[in-house]
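Novice: The structure is given below, and queries will be raised subsequently.
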Amino acid sequence: LGSRMDGLFPADQAGYMKGLVLGIREDLDPEQFRQFSQLGLTHILAVSGLHVAVFLYVLGGLLRLLRLTRERMLLIMIAAVPFYVLLAGGAPSIMRAGIMAMLGLFAARLNKLKDGLHLLSAAA
């Protein structure tokens, strides 16, 4: 995916986009990374829960277009999360977010979804 982003974006933006979308910081311009550090924004370059949420939102939208039932959609989304975690590199932040997403989707499947604090506690 990183090499694909190199082809999609201009050279000065490809490193930033790889960091933002995939969490790949190696190709980010050192000056740009220094600026992120000075502003306290390096967490933006870490793949985390927001990325998992966006992935699941897009996947859910595609599955809705296929007119699948809610239960089948949730099962497919639960199964897709581990693939996204592996694709994103399996960093601790993405692992935690993936576990929380899977637990949340499973709870939603059972109609037992109450609040995110319980999911965070279970993921920890």
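Naming scheme: A, B, ... for chains in displayed order of the structure tokens; residues 1 onward per chain; ligands 1 onward as shown.
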For Gly15 in chain A, please output as a list in words all residues within 9 Å (counting only C-alpha atoms; exclusion window: fewer than 4 positions along the same chain).

Specialist: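 Using only C-alpha atoms, the neighbours found are Gly2, Met5, Asp6, Phe9, Ala11, Gly19, Leu20, Ile24, Arg25, Glu26, Asp27, Leu28 and Asp29 of chain A.
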
Novice: Counting only C-alpha atoms, give me one row per residue of range 1-41 of chain A with an atom at most 9 Å from an atom of range 88-98 of chain A, showing the shortest contact pair and its distance in Å to one decimal, sorted by chain then residue number, as a Markdown table.

Specialist:
```
| residue | atom | partner | partner_atom | distance |
| --- | --- | --- | --- | --- |
| A:Val21 | CA | A:Ala88 | CA | 8.7 |
| A:Leu22 | CA | A:Ala88 | CA | 5.7 |
| A:Gly23 | CA | A:Ala88 | CA | 7.1 |
| A:Ile24 | CA | A:Ala88 | CA | 8.8 |
```

Novice: Write to file, as an mmCIF file, in the first residue's frame, the residues of the selection just made, with N, CA and C atoms.

Specialist:
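Output (out.cif):
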```cif
data_model
loop_
_atom_site.group_PDB
_atom_site.id
_atom_site.type_symbol
_atom_site.label_atom_id
_atom_site.label_comp_id
_atom_site.auth_asym_id
_atom_site.auth_seq_id
_atom_site.Cartn_x
_atom_site.Cartn_y
_atom_site.Cartn_z
ATOM 1 N N VAL A 21 -2.365 7.668 6.940
ATOM 2 C CA VAL A 21 -3.290 6.576 6.649
ATOM 3 C C VAL A 21 -2.774 5.221 7.119
ATOM 4 N N LEU A 22 -1.482 4.964 6.936
ATOM 5 C CA LEU A 22 -0.936 3.644 7.233
ATOM 6 C C LEU A 22 -0.024 3.603 8.455
ATOM 7 N N GLY A 23 0.334 4.757 8.989
ATOM 8 C CA GLY A 23 1.224 4.780 10.143
ATOM 9 C C GLY A 23 2.689 4.573 9.791
ATOM 10 N N ILE A 24 3.043 4.683 8.530
ATOM 11 C CA ILE A 24 4.433 4.513 8.090
ATOM 12 C C ILE A 24 5.133 5.861 8.215
#
```

Novice: CA of Leu103 in chain A to CA of Lys18 in chain A: how many Å, to one decimal?

Specialist: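 Here the two named atoms are 27.8 Å from each other.
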